[in-house]
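Coordinates as given in protein-v4.tsv (TSV, C-alpha atoms):
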chain	number	residue	atom	x	y	z
J	163	MET	CA	26.60	-124.94	118.71
J	164	ALA	CA	24.22	-127.43	120.27
J	165	LEU	CA	21.27	-126.02	122.17
J	166	GLU	CA	21.66	-127.08	125.77
J	167	PHE	CA	18.97	-126.63	128.38
J	168	ASP	CA	17.47	-128.27	131.43
J	169	ARG	CA	15.03	-130.83	130.04
J	170	SER	CA	13.17	-130.94	133.35
J	171	ILE	CA	11.29	-127.85	132.16
J	172	LEU	CA	9.50	-130.01	129.61
J	173	GLY	CA	5.95	-130.87	130.58
J	174	GLN	CA	5.66	-128.20	133.27
J	175	GLU	CA	2.46	-126.22	132.88
J	176	PHE	CA	3.28	-122.51	132.58
J	177	ASP	CA	-0.16	-121.11	131.90
J	178	ARG	CA	-3.79	-121.99	132.62
J	179	VAL	CA	-6.84	-120.05	131.59
J	180	GLU	CA	-10.53	-120.70	132.21
J	181	ARG	CA	-13.04	-119.37	129.72
J	182	GLU	CA	-16.63	-118.24	129.98
J	183	PRO	CA	-19.22	-120.94	129.23
J	184	VAL	CA	-19.63	-121.73	125.55
J	185	THR	CA	-22.85	-120.35	124.08
J	186	VAL	CA	-25.18	-121.71	121.42
J	187	ASP	CA	-24.64	-118.57	119.38
J	188	GLU	CA	-20.86	-119.04	119.33
J	189	ILE	CA	-21.16	-122.62	118.17
J	190	VAL	CA	-23.66	-121.84	115.44
J	191	ALA	CA	-21.79	-118.75	114.22
J	192	PHE	CA	-18.56	-120.73	113.97
J	193	ALA	CA	-20.30	-123.45	111.93
J	194	HIS	CA	-21.83	-120.85	109.61
J	195	ALA	CA	-18.44	-119.27	109.10
J	196	LEU	CA	-17.06	-122.62	108.01
J	197	GLY	CA	-19.95	-123.22	105.65
J	198	CYS	CA	-21.11	-126.28	107.57
J	199	THR	CA	-24.44	-127.78	106.61
J	200	GLU	CA	-24.63	-130.62	109.14
J	201	PRO	CA	-27.53	-130.06	111.60
J	202	CYS	CA	-25.44	-131.20	114.58
J	203	TYR	CA	-23.32	-128.03	114.23
J	204	LEU	CA	-26.16	-125.65	113.43
J	205	GLU	CA	-29.46	-126.54	115.09
J	206	PRO	CA	-29.89	-125.50	118.74
J	207	GLY	CA	-31.05	-128.32	120.94
J	208	SER	CA	-29.72	-131.28	122.85
J	209	GLY	CA	-27.78	-132.60	119.85
J	210	LEU	CA	-25.82	-129.41	119.16
J	211	VAL	CA	-22.03	-129.73	119.33
J	212	ALA	CA	-19.26	-127.44	118.19
J	213	HIS	CA	-17.43	-128.25	115.01
J	214	PRO	CA	-14.17	-130.01	116.00
J	215	THR	CA	-12.02	-127.12	114.79
J	216	PHE	CA	-13.79	-124.81	117.25
J	217	VAL	CA	-10.90	-125.66	119.59
J	218	VAL	CA	-8.46	-123.51	117.64
J	219	ARG	CA	-10.23	-120.43	119.04
J	220	TYR	CA	-8.73	-121.09	122.44
J	221	ARG	CA	-5.54	-119.48	123.57
J	222	GLY	CA	-3.74	-119.02	126.83
J	223	ARG	CA	-2.51	-115.73	128.20
J	224	ARG	CA	1.09	-116.58	127.43
J	225	PHE	CA	2.40	-118.45	124.44
J	226	LEU	CA	5.88	-119.28	125.72
J	227	PRO	CA	7.24	-120.01	129.20
J	228	ASP	CA	9.78	-117.90	131.04
J	229	SER	CA	11.89	-121.06	131.19
J	230	LEU	CA	12.44	-121.07	127.44
J	231	PRO	CA	16.14	-121.74	126.81
J	232	ASP	CA	18.06	-118.44	126.79
J	233	PRO	CA	19.34	-118.60	123.19
J	234	LEU	CA	15.75	-118.68	121.97
J	235	LYS	CA	14.32	-115.88	124.08
J	236	THR	CA	15.53	-113.09	121.86
J	237	ARG	CA	15.16	-114.74	118.47
J	238	MET	CA	12.37	-114.51	115.97
J	239	SER	CA	10.36	-117.64	115.19
J	240	PHE	CA	7.55	-118.59	112.89
J	241	ASP	CA	4.63	-120.98	113.11
J	242	ALA	CA	5.65	-124.38	111.78
J	243	GLY	CA	2.24	-126.00	112.12
J	244	LYS	CA	-0.10	-127.71	114.55
J	245	ASP	CA	-1.04	-131.27	115.38
J	246	ILE	CA	-4.49	-131.56	116.92
J	247	ASP	CA	-5.68	-134.66	118.72
J	248	PHE	CA	-9.43	-134.31	119.12
J	249	GLY	CA	-11.24	-135.54	122.24
J	250	VAL	CA	-14.83	-135.16	123.39
J	251	PRO	CA	-17.03	-132.60	121.59
J	252	ILE	CA	-17.72	-129.14	122.97
J	253	ARG	CA	-21.36	-128.51	123.90
J	254	PRO	CA	-23.22	-125.35	124.90
J	255	GLY	CA	-22.54	-124.43	128.51
J	256	ASP	CA	-19.16	-126.12	128.64
J	257	ARG	CA	-16.55	-124.22	130.62
J	258	ILE	CA	-13.31	-124.66	128.79
J	259	SER	CA	-9.87	-124.45	130.34
J	260	VAL	CA	-6.59	-124.21	128.46
J	261	GLY	CA	-3.34	-125.45	130.00
J	262	ALA	CA	-0.03	-124.79	128.26
J	263	ALA	CA	3.29	-126.58	128.70
J	264	LEU	CA	6.57	-126.70	126.86
J	265	HIS	CA	6.34	-130.15	125.31
J	266	ASP	CA	9.58	-130.51	123.35
J	267	VAL	CA	12.60	-128.63	122.07
J	268	TYR	CA	14.63	-130.30	119.36
J	269	GLU	CA	17.00	-129.55	116.54
J	270	LYS	CA	17.16	-130.79	112.98
J	271	THR	CA	19.15	-130.00	109.89
J	272	GLY	CA	17.92	-129.43	106.37
J	273	ARG	CA	18.82	-127.86	103.05
J	274	THR	CA	18.90	-124.41	104.63
J	275	GLY	CA	20.89	-125.31	107.72
J	276	THR	CA	20.14	-126.00	111.38
J	277	MET	CA	16.69	-125.39	112.80
J	278	THR	CA	15.36	-125.50	116.35
J	279	PHE	CA	11.77	-126.49	116.95
J	280	VAL	CA	9.87	-125.55	120.09
J	281	VAL	CA	6.66	-127.48	120.66
J	282	VAL	CA	4.11	-125.92	123.02
J	283	ARG	CA	1.31	-128.28	124.01
J	284	PHE	CA	-2.11	-126.84	124.81
J	285	VAL	CA	-4.42	-129.24	126.62
J	286	ILE	CA	-8.02	-128.11	126.38
J	287	ARG	CA	-10.49	-129.58	128.86
J	288	ASN	CA	-14.13	-129.10	129.80
J	289	GLN	CA	-15.55	-128.61	133.30
J	290	ARG	CA	-15.70	-132.38	133.83
J	291	GLY	CA	-11.97	-132.68	133.21
J	292	GLU	CA	-12.51	-134.43	129.90
J	293	THR	CA	-9.98	-133.64	127.22
J	294	VAL	CA	-11.52	-131.72	124.37
J	295	ALA	CA	-8.32	-131.45	122.37
J	296	THR	CA	-4.57	-131.58	122.64
J	297	ILE	CA	-2.84	-129.12	120.35
J	298	ASP	CA	0.88	-129.31	119.70
J	299	ASN	CA	1.98	-126.01	118.22
J	300	ARG	CA	5.42	-125.99	116.58
J	301	LEU	CA	7.56	-122.87	116.41
J	302	LEU	CA	10.61	-122.86	114.17
J	303	TYR	CA	13.76	-120.91	114.99
J	304	LYS	CA	16.32	-120.63	112.21
J	305	ASP	CA	20.01	-120.46	113.04
X	252	MET	CA	13.92	-158.53	95.75
X	253	ILE	CA	13.00	-154.87	95.89
X	254	LEU	CA	12.99	-152.80	99.08
X	255	ASP	CA	12.32	-149.11	99.61
X	256	LEU	CA	15.22	-148.36	101.94
X	257	HIS	CA	14.19	-144.87	103.00
X	258	VAL	CA	10.69	-144.28	104.37
X	259	HIS	CA	9.35	-142.06	107.16
X	260	SER	CA	6.17	-142.63	109.09
X	261	GLU	CA	4.18	-140.53	111.53
X	262	ARG	CA	6.85	-141.23	114.13
X	263	SER	CA	9.04	-138.71	112.34
X	264	ASP	CA	8.26	-135.10	113.19
X	265	ASP	CA	7.77	-134.13	109.56
X	266	SER	CA	5.60	-137.03	108.36
X	267	ARG	CA	1.95	-137.83	108.96
X	268	ALA	CA	1.90	-141.16	107.14
X	269	PRO	CA	0.85	-144.28	109.07
X	270	VAL	CA	2.81	-147.38	108.05
X	271	GLU	CA	-0.39	-149.21	107.17
X	272	ALA	CA	-1.40	-146.43	104.77
X	273	TYR	CA	1.82	-147.06	102.83
X	274	LEU	CA	1.01	-150.74	102.66
X	275	LYS	CA	-2.54	-150.14	101.44
X	276	LEU	CA	-1.25	-147.93	98.65
X	277	LEU	CA	1.42	-150.44	97.63
X	278	GLN	CA	-1.19	-153.18	97.59
X	279	ARG	CA	-3.27	-151.14	95.12
X	280	LYS	CA	-0.30	-150.12	92.98
X	281	ARG	CA	1.59	-153.39	92.88
X	282	ALA	CA	1.80	-153.33	89.06
X	283	GLU	CA	3.63	-150.00	88.98
X	284	ARG	CA	5.59	-150.27	92.25
X	285	PRO	CA	6.57	-153.93	92.86
X	286	ILE	CA	7.92	-153.34	96.35
X	287	ASP	CA	8.62	-156.36	98.56
X	288	GLY	CA	9.40	-154.41	101.68
X	289	LEU	CA	9.99	-151.09	103.41
X	290	VAL	CA	12.73	-149.90	105.72
X	291	LEU	CA	11.39	-147.35	108.20
X	292	THR	CA	14.10	-144.74	108.76
X	293	GLU	CA	12.66	-142.35	111.31
X	294	HIS	CA	14.49	-139.10	111.92
X	295	ARG	CA	16.92	-139.04	114.86
X	296	GLN	CA	15.43	-142.01	116.69
X	297	PHE	CA	15.26	-145.77	116.86
X	298	ASP	CA	12.67	-147.70	118.84
X	299	PRO	CA	13.86	-151.29	119.32
X	300	ARG	CA	10.42	-152.31	120.59
X	301	ARG	CA	8.75	-151.54	117.28
X	302	ASP	CA	6.94	-154.66	116.11
X	303	PHE	CA	5.71	-154.93	112.53
X	304	ARG	CA	4.81	-158.64	112.54
X	305	ASP	CA	1.06	-158.12	112.38
X	306	LEU	CA	1.36	-155.75	109.40
X	307	GLU	CA	3.85	-158.06	107.70
X	308	ASP	CA	1.46	-160.97	108.03
X	309	ARG	CA	-1.55	-159.03	106.78
X	310	TYR	CA	0.14	-157.37	103.81
X	311	GLY	CA	2.79	-159.93	102.90
X	312	VAL	CA	5.68	-157.46	102.88
X	313	LEU	CA	8.93	-157.19	104.79
X	314	LEU	CA	9.03	-154.28	107.26
X	315	LEU	CA	12.33	-153.35	108.83
X	316	ASN	CA	13.29	-150.84	111.48
X	317	ALA	CA	16.19	-148.42	110.92
X	318	ALA	CA	17.02	-144.75	111.47
X	319	GLU	CA	18.15	-141.56	109.76
X	320	VAL	CA	20.66	-139.62	111.82
X	321	GLU	CA	22.29	-136.24	111.24
X	322	THR	CA	26.05	-135.77	111.10
X	323	ASP	CA	28.67	-133.18	110.27
X	324	TYR	CA	28.67	-134.65	106.72
X	325	GLY	CA	24.91	-134.65	106.33
X	326	HIS	CA	22.21	-137.23	106.86
X	327	VAL	CA	22.99	-140.93	107.14
X	328	LEU	CA	20.75	-143.99	107.21
X	329	LEU	CA	21.67	-146.55	109.85
X	330	LEU	CA	20.67	-150.14	109.15
X	331	GLY	CA	21.28	-153.00	111.51
X	332	VAL	CA	20.90	-150.83	114.60
X	333	ASN	CA	21.52	-152.86	117.77
X	334	ASP	CA	22.03	-152.21	121.46
X	335	ASP	CA	25.72	-151.49	120.97
X	336	ILE	CA	25.05	-148.86	118.33
X	337	LEU	CA	22.29	-147.32	120.43
X	338	ALA	CA	24.65	-147.13	123.38
X	339	ARG	CA	27.43	-145.62	121.28
X	340	PHE	CA	25.52	-142.73	119.70
X	341	ASP	CA	22.89	-140.19	120.75
X	342	PHE	CA	20.57	-140.37	117.77
X	343	ALA	CA	18.99	-136.99	118.62
X	344	ASP	CA	22.33	-135.20	118.25
X	345	VAL	CA	22.29	-133.36	114.91
X	346	ARG	CA	26.07	-132.92	114.95
X	347	LEU	CA	27.24	-136.54	115.11
X	348	PRO	CA	30.79	-137.01	113.76
X	349	ALA	CA	30.26	-138.76	110.44
X	350	GLN	CA	33.57	-140.59	110.40
X	351	ASP	CA	32.83	-142.11	113.81
X	352	VAL	CA	29.33	-143.06	112.68
X	353	VAL	CA	30.53	-144.81	109.53
X	354	SER	CA	33.42	-146.62	111.25
X	355	GLU	CA	31.73	-147.52	114.50
X	356	VAL	CA	28.43	-148.66	113.03
X	357	TRP	CA	30.40	-150.96	110.73
X	358	ARG	CA	32.47	-152.30	113.64
X	359	LEU	CA	29.34	-152.90	115.68
X	360	GLY	CA	27.65	-154.89	112.93
X	361	GLY	CA	25.51	-152.42	111.04
X	362	VAL	CA	25.98	-150.20	108.05
X	363	ALA	CA	25.87	-146.41	107.70
X	364	LEU	CA	24.63	-145.15	104.35
X	365	PRO	CA	24.82	-141.46	103.42
X	366	CYS	CA	21.46	-140.44	102.02
X	367	HIS	CA	20.50	-137.71	99.53
X	368	PRO	CA	24.23	-136.97	99.05
X	369	GLY	CA	23.54	-134.34	96.41
X	370	ARG	CA	21.39	-132.20	98.68
X	371	PRO	CA	22.84	-128.87	99.84
X	372	THR	CA	24.01	-128.66	103.46
X	373	VAL	CA	22.78	-132.14	104.49
X	374	GLY	CA	24.34	-134.18	101.67
X	375	LEU	CA	27.76	-135.78	101.41
X	376	CYS	CA	28.83	-134.03	98.17
X	377	ALA	CA	28.97	-130.55	99.65
X	378	HIS	CA	31.05	-131.74	102.59
X	379	TYR	CA	33.43	-133.80	100.42
X	380	GLU	CA	34.16	-130.68	98.41
X	381	ALA	CA	34.96	-128.74	101.54
X	382	ARG	CA	36.55	-131.33	103.82
X	383	GLY	CA	37.55	-134.41	101.83
X	384	PRO	CA	36.16	-137.94	101.81
X	385	LEU	CA	35.18	-140.25	104.65
X	386	ASP	CA	36.81	-143.64	105.06
X	387	GLY	CA	34.65	-146.74	104.99
X	388	VAL	CA	31.64	-145.58	102.99
X	389	VAL	CA	30.44	-148.52	100.86
X	390	ALA	CA	27.20	-147.26	99.35
X	391	VAL	CA	25.30	-144.02	98.96
X	392	GLU	CA	21.74	-143.17	98.03
X	393	ALA	CA	22.07	-142.79	94.28
X	394	LEU	CA	18.37	-142.08	93.82
X	395	ASN	CA	16.34	-140.21	96.41
X	396	GLY	CA	12.65	-139.58	95.83
X	397	GLY	CA	12.90	-136.12	97.35
X	398	SER	CA	15.83	-134.89	95.28
X	399	LYS	CA	15.55	-131.69	93.33
X	400	ARG	CA	16.82	-131.30	89.78
X	401	GLY	CA	20.54	-132.00	89.52
X	402	GLU	CA	20.99	-133.42	93.02
X	403	ASP	CA	21.06	-137.08	91.97
X	404	ALA	CA	23.37	-136.22	89.06
X	405	ARG	CA	25.95	-134.98	91.56
X	406	VAL	CA	25.72	-138.36	93.29
X	407	ALA	CA	26.50	-140.21	90.06
X	408	GLU	CA	29.76	-138.24	89.85
X	409	LEU	CA	30.53	-139.02	93.48
X	410	MET	CA	29.96	-142.75	92.96
X	411	ALA	CA	32.13	-142.81	89.85
X	412	ARG	CA	34.94	-141.00	91.63
X	413	TYR	CA	34.97	-143.04	94.84
X	414	GLY	CA	33.65	-146.39	93.59
X	415	TYR	CA	30.63	-146.45	95.87
X	416	ALA	CA	27.70	-148.76	95.30
X	417	GLY	CA	24.31	-147.11	94.92
X	418	PHE	CA	20.91	-147.73	96.39
X	419	GLY	CA	17.55	-146.01	96.13
X	420	GLY	CA	14.94	-144.79	98.56
X	421	SER	CA	11.73	-142.85	98.16
X	422	ASP	CA	12.36	-140.75	101.28
X	423	ALA	CA	8.57	-140.83	101.51
X	424	HIS	CA	6.98	-138.57	104.09
X	425	LEU	CA	3.62	-138.69	102.31
X	426	VAL	CA	1.80	-141.88	101.42
X	427	SER	CA	1.70	-141.28	97.67
X	428	PHE	CA	5.51	-141.17	97.39
X	429	VAL	CA	6.28	-144.59	98.80
X	430	GLY	CA	8.06	-147.06	96.54
X	431	LEU	CA	8.58	-144.67	93.63
X	432	VAL	CA	12.32	-145.15	94.09
X	433	ALA	CA	13.76	-148.28	95.67
X	434	THR	CA	16.62	-150.77	95.81
X	435	GLU	CA	16.93	-154.12	94.08
X	436	PHE	CA	18.84	-156.97	95.66
X	437	GLU	CA	19.75	-160.19	93.89
X	438	ALA	CA	19.38	-162.19	97.08
X	439	GLU	CA	16.08	-163.12	98.67
X	440	LEU	CA	16.13	-161.34	101.99
X	441	ARG	CA	14.12	-162.26	105.05
X	442	GLY	CA	15.34	-159.75	107.60
X	443	MET	CA	17.71	-156.97	108.49
X	444	ASP	CA	20.75	-159.24	108.82
X	445	GLY	CA	20.57	-160.15	105.16
X	446	VAL	CA	19.93	-156.58	104.06
X	447	VAL	CA	22.96	-155.35	106.01
X	448	ARG	CA	25.10	-158.18	104.60
X	449	GLU	CA	24.17	-157.30	101.02
X	450	LEU	CA	24.64	-153.56	101.53
X	451	ARG	CA	28.03	-154.02	103.19
X	452	ALA	CA	29.06	-156.02	100.13
X	453	GLY	CA	27.61	-153.41	97.77
X	454	ARG	CA	25.31	-155.97	96.17
X	455	CYS	CA	22.44	-153.62	95.42
X	456	ARG	CA	21.25	-151.22	92.76
X	457	PRO	CA	18.75	-148.37	92.67
X	458	VAL	CA	15.51	-148.78	90.75
X	459	ASP	CA	13.20	-146.00	89.62
X	460	PHE	CA	9.46	-146.51	89.12
X	461	ARG	CA	8.52	-142.87	88.67
X	462	GLN	CA	8.07	-143.06	84.92
X	463	ARG	CA	6.01	-146.18	85.24
X	464	ALA	CA	3.83	-144.51	87.86
X	465	ALA	CA	3.43	-141.40	85.72
X	466	ALA	CA	2.45	-143.49	82.72
X	467	ALA	CA	-0.10	-145.36	84.81
X	468	ALA	CA	-1.53	-142.07	86.05
X	469	GLU	CA	-1.83	-140.72	82.50
X	470	GLY	CA	-3.50	-143.93	81.39
X	471	GLY	CA	-6.11	-143.44	84.07

Could I get this file's structure written as structure tokens?
Amino acid sequence: MALEFDRSILGQEFDRVEREPVTVDEIVAFAHALGCTEPCYLEPGSGLVAHPTFVVRYRGRRFLPDSLPDPLKTRMSFDAGKDIDFGVPIRPGDRISVGAALHDVYEKTGRTGTMTFVVVRFVIRNQRGETVATIDNRLLYKD
Amino acid sequence: MILDLHVHSERSDDSRAPVEAYLKLLQRKRAERPIDGLVLTEHRQFDPRRDFRDLEDRYGVLLLNAAEVETDYGHVLLLGVNDDILARFDFADVRLPAQDVVSEVWRLGGVALPCHPGRPTVGLCAHYEARGPLDGVVAVEALNGGSKRGEDARVAELMARYGYAGFGGSDAHLVSFVGLVATEFEAELRGMDGVVRELRAGRCRPVDFRQRAAAAAEGG
């Protein structure tokens, strides 16, 4: 049975969260945890930036919209991966906001049968409105 | 002339391979994979505006635009896609009626080629066993670079039984897989029209460079 839903829900932001300003300690601790050795991720000062993967720390308050097609609302899913498009670096003092929208819902077939993919797009921006990262998070629902 | 008839790029949801990365690898591995061109068969889509001329000029290979669609008999490559075919079928529909796809694509000037027929669920063999054969199939993917053990052997039986021609495709989703399996044509082909003409006539055969590539890797 084909999944039918109102495609106008795609692209509508369903969640937005603003975070406390990023601190030097957070940036440096994250770099240490990764085992980074590059000074730009470790040494406080005007050149300090967060490692690009720092963006994966950010979440919204809700992971899925209320407008999710009905057949999917009650089914289990699992994480089918992320695509991250990196933008400007995060610096100490940046106030990060996370906006979430349902980006795509599509079906495909494979060896194990029919699968539905839900793609939630998180757009992460700084206080200047510059895009820090766009993260497409895929959820897989098995028929 | 040798073409890899089944390649996915980053435009497919399950591939991260840029087309140019394929071409760079083939340039380096020309001795083990003598590929003259690639057919990009993105999943469930076809972009008629796609323009490969710059890459073709820089790398000296033929690059052709096609699609892989999903039907009630499994996955099918569509070559020779035109406005009429695009208007006739919703490529995103994963339940396209296979008989309509095969018949109508032929009538509208293209060719529909069942791919990885030996694969469970999304291959022709399983559906033939359950529902009988389709009319109008001329060639199937005899060698698929993503097949698991035994899957291509099932295709050989299918071809013998129904008299289908065979072709090969790497089904590459990762750069390193491109051109390991391909299709040889006797004719020199300059574009999709010629490829479709030869496939409709069954003038093609699968070629397998995997052993050659493995030997080259062992030799360092």

- prompt: Between J:Leu301, J:Val186, J:Val280, J:Val179, which is the closest to Gly261 in chain J once you count only C-alpha atoms?
  reply: J:Val179

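The spacing separating CA of Gln278 in chain X from CA of Gln296 in chain X amounts to 27.7 Å.
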
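Note that CA of Gly383 in chain X and CA of Val258 in chain X are 28.7 Å apart.
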
Exercise answer, chain J residues close to chain X, 9 Å and all atoms listed in the file, as a ChimeraX atom specification: /J:163-164,268-276

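Look at range 194-199 of chain J: the protein and nucleic acid residues within 12 Å of it, using all atoms listed in the file and passing over chain neighbours fewer than 6 places away, are Asp187, Glu188, Glu205, Ala212, His213, Pro214, Thr215 and Phe216 of chain J.
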
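Here CA of Val211 in chain J stands at a distance of 4.8 Å from CA of Arg253 in chain J.
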
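Residues with any atom within 7 Å of Gly396 in chain X, counting only C-alpha atoms and excluding same-chain neighbours fewer than 3 positions away, are Gly420, Ser421, Asp422, Leu431 and Val432 of chain X.
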
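Once Arg441 in chain X and its same-chain neighbours fewer than 3 positions away are set aside, X:Gly288, X:Val312, X:Leu313, X:Leu314, X:Leu315, X:Ala438, X:Asp444, X:Gly445, X:Val446 remain within 10 Å of it when counting only C-alpha atoms.
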
query: When distances are computed from all atoms listed in the file, which of J:Asp168, J:Asp232, J:Glu200, J:Asp256 shows the smallest separation from Glu182 in chain J?
result: J:Asp256

- request: Excluding Val250 in chain J and any residue of its chain fewer than 2 positions from it, enumerate the residues within 7 Å of it, using all atoms listed in the file, and give them as JSON, numbers by chain.
  value: {"J": [248, 252, 292, 293, 294]}
